[in-house]
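Chemist: After the structure tokens below, expect a handful of questions from me.
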Amino acid sequence: MPAEKHENPERKAELDALQNALAAEHAALYGYGVVGARVDDGRREDAQKGYDAHRARRDELSRRITALGGRPKAAAAAYALPFPVPDAAAAVRLAAELEDRVAGAYADLVRASAGARRRAAAGSLREAAVRAVRWRGSGVAFPGLAERTSAGSPSPTATGSADAL
């Protein structure tokens, strides 16, 4: 009789949080395509830097998932935007929203990780929070936790549909 495979619950929680962060990065990359197409010329460089940062994080997360024995989830073909983005002002709001959602996913990863991996997740959370402040012009008290104010639930990126931003 074959022995049952028992996976370490902490490792599974971290792998799930990594997959959720990867999903948030996929969504952010899609969203930054919209942002880049709609922002004014003065913010286009910010959009490109944000896109590049999320692409690098996506690649890093894929490597970490593979190293832990997982298979990185692929990006969806398209994502539903949280609101219409007809102009530059809406694109700026979208960029800040994308960063808030990514920060939420990294907050979940911070909680699920330990040691150097936790420090890396905290650094990613901090970077998303800084980009959100640059887009919005102001910050929040606890970046990555703003989504939890209603009923203390996990971030939308952790529980939401894979095709929603």
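Ligands are numbered from 1 in the order shown, residues from 1 within each chain, and chains are lettered A, B, ... in the order they appear in the structure tokens.
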DSSP on the backbone, then: every residue of segment 71-128 of chain A marked alpha helix (DSSP H), written as a PyMOL selection string.
Modeler: chain A and resi 88-112+115-128
Chemist: Give me the residues within 8 Å of segment 64-69 of chain A as a list in words, counting only C-alpha atoms and dropping any in the same chain fewer than 3 places off.
Modeler: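 Residues near the query, excluding close chain neighbours: Leu15, Leu18, Gln19, Glu60, Leu61 and Pro72 of chain A.
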Chemist: Which of these, A:Ala107, A:Ala95, A:Ala23, A:Ala76, has the shortest distance to Gly50 of chain A once you count only C-alpha atoms?
Modeler: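 Looking at the shortest contact to Gly50 of chain A, the residue is A:Ala95.
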Chemist: Pick from A:Ala75, A:Ala56, A:Ala80, A:Leu98: nearest to Val35 of chain A, with only C-alpha atoms counted?
Modeler: A:Leu98
Chemist: List as a ChimeraX atom specification the protein and nucleic acid residues near segment 127-135 of chain A, meaning an atom at most 7 Å away when only C-alpha atoms are counted, but skip any in the same chain fewer than 4 places from it.
Modeler: /A:92,95-96,99-100,102-103,123,139,143
Chemist: Write a file of the selected residues as a short mmCIF file (atom, residue, chain, number, x, y, z; two decimals), in the first residue's frame, keeping N, CA, C and O atoms.
Modeler:
```
data_model
loop_
_atom_site.label_atom_id
_atom_site.label_comp_id
_atom_site.auth_asym_id
_atom_site.auth_seq_id
_atom_site.Cartn_x
_atom_site.Cartn_y
_atom_site.Cartn_z
N VAL A 92 -4.46 57.12 -13.90
CA VAL A 92 -3.68 57.34 -12.67
C VAL A 92 -4.37 56.64 -11.49
O VAL A 92 -3.71 55.98 -10.68
N ALA A 95 -3.69 52.92 -11.79
CA ALA A 95 -2.34 52.56 -11.37
C ALA A 95 -2.24 52.46 -9.84
O ALA A 95 -1.66 51.51 -9.31
N ALA A 96 -2.82 53.42 -9.14
CA ALA A 96 -2.81 53.38 -7.67
C ALA A 96 -3.57 52.16 -7.17
O ALA A 96 -3.12 51.48 -6.23
N GLU A 99 -1.50 49.00 -7.60
CA GLU A 99 -0.46 48.90 -6.59
C GLU A 99 -1.04 48.50 -5.23
O GLU A 99 -0.43 47.71 -4.50
N ASP A 100 -2.21 49.04 -4.89
CA ASP A 100 -2.85 48.65 -3.62
C ASP A 100 -3.15 47.15 -3.61
O ASP A 100 -2.94 46.47 -2.60
N VAL A 102 -1.69 44.75 -5.41
CA VAL A 102 -0.44 44.00 -5.35
C VAL A 102 0.10 44.02 -3.92
O VAL A 102 0.55 42.99 -3.40
N ALA A 103 0.04 45.18 -3.27
CA ALA A 103 0.50 45.27 -1.88
C ALA A 103 -0.29 44.31 -0.99
O ALA A 103 0.29 43.67 -0.10
N GLY A 123 9.78 43.63 1.19
CA GLY A 123 10.36 44.58 0.26
C GLY A 123 9.47 44.82 -0.95
O GLY A 123 9.29 45.96 -1.40
N GLY A 139 -0.51 58.42 0.93
CA GLY A 139 -0.38 57.03 1.33
C GLY A 139 -1.51 56.57 2.23
O GLY A 139 -2.46 57.31 2.49
N PRO A 143 -0.10 49.93 4.35
CA PRO A 143 -0.17 49.45 2.96
C PRO A 143 -0.36 47.93 2.92
O PRO A 143 0.24 47.20 3.69
#
```
Chemist: Quote the spacing between atom CA of Glu25 of chain A and atom CA of Ser113 of chain A in Å to one decimal place.
Modeler: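 Separation between atom CA of Glu25 of chain A and atom CA of Ser113 of chain A: 17.8 Å.
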Chemist: Find the distance between atom CA of Gly36 of chain A and atom CA of Asn20 of chain A and write it in Å to one decimal.
Modeler: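 Rounded to one decimal, the two atoms are 24.0 Å apart.
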Chemist: Using Å and a single decimal, report how far atom CA of Ala47 of chain A sits from atom CA of Pro84 of chain A.
Modeler: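 The value is 17.8 Å.
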Chemist: Go through A:Arg117, A:His26, A:Arg136, A:Lys12 one by one, measure the shortest atom-to-atom distance of each to Ala77 of chain A using only C-alpha atoms, and give the residue with the smallest value.
Modeler: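 Of A:Arg117, A:His26, A:Arg136, A:Lys12, the one nearest Ala77 of chain A, counting only C-alpha atoms, is A:His26.
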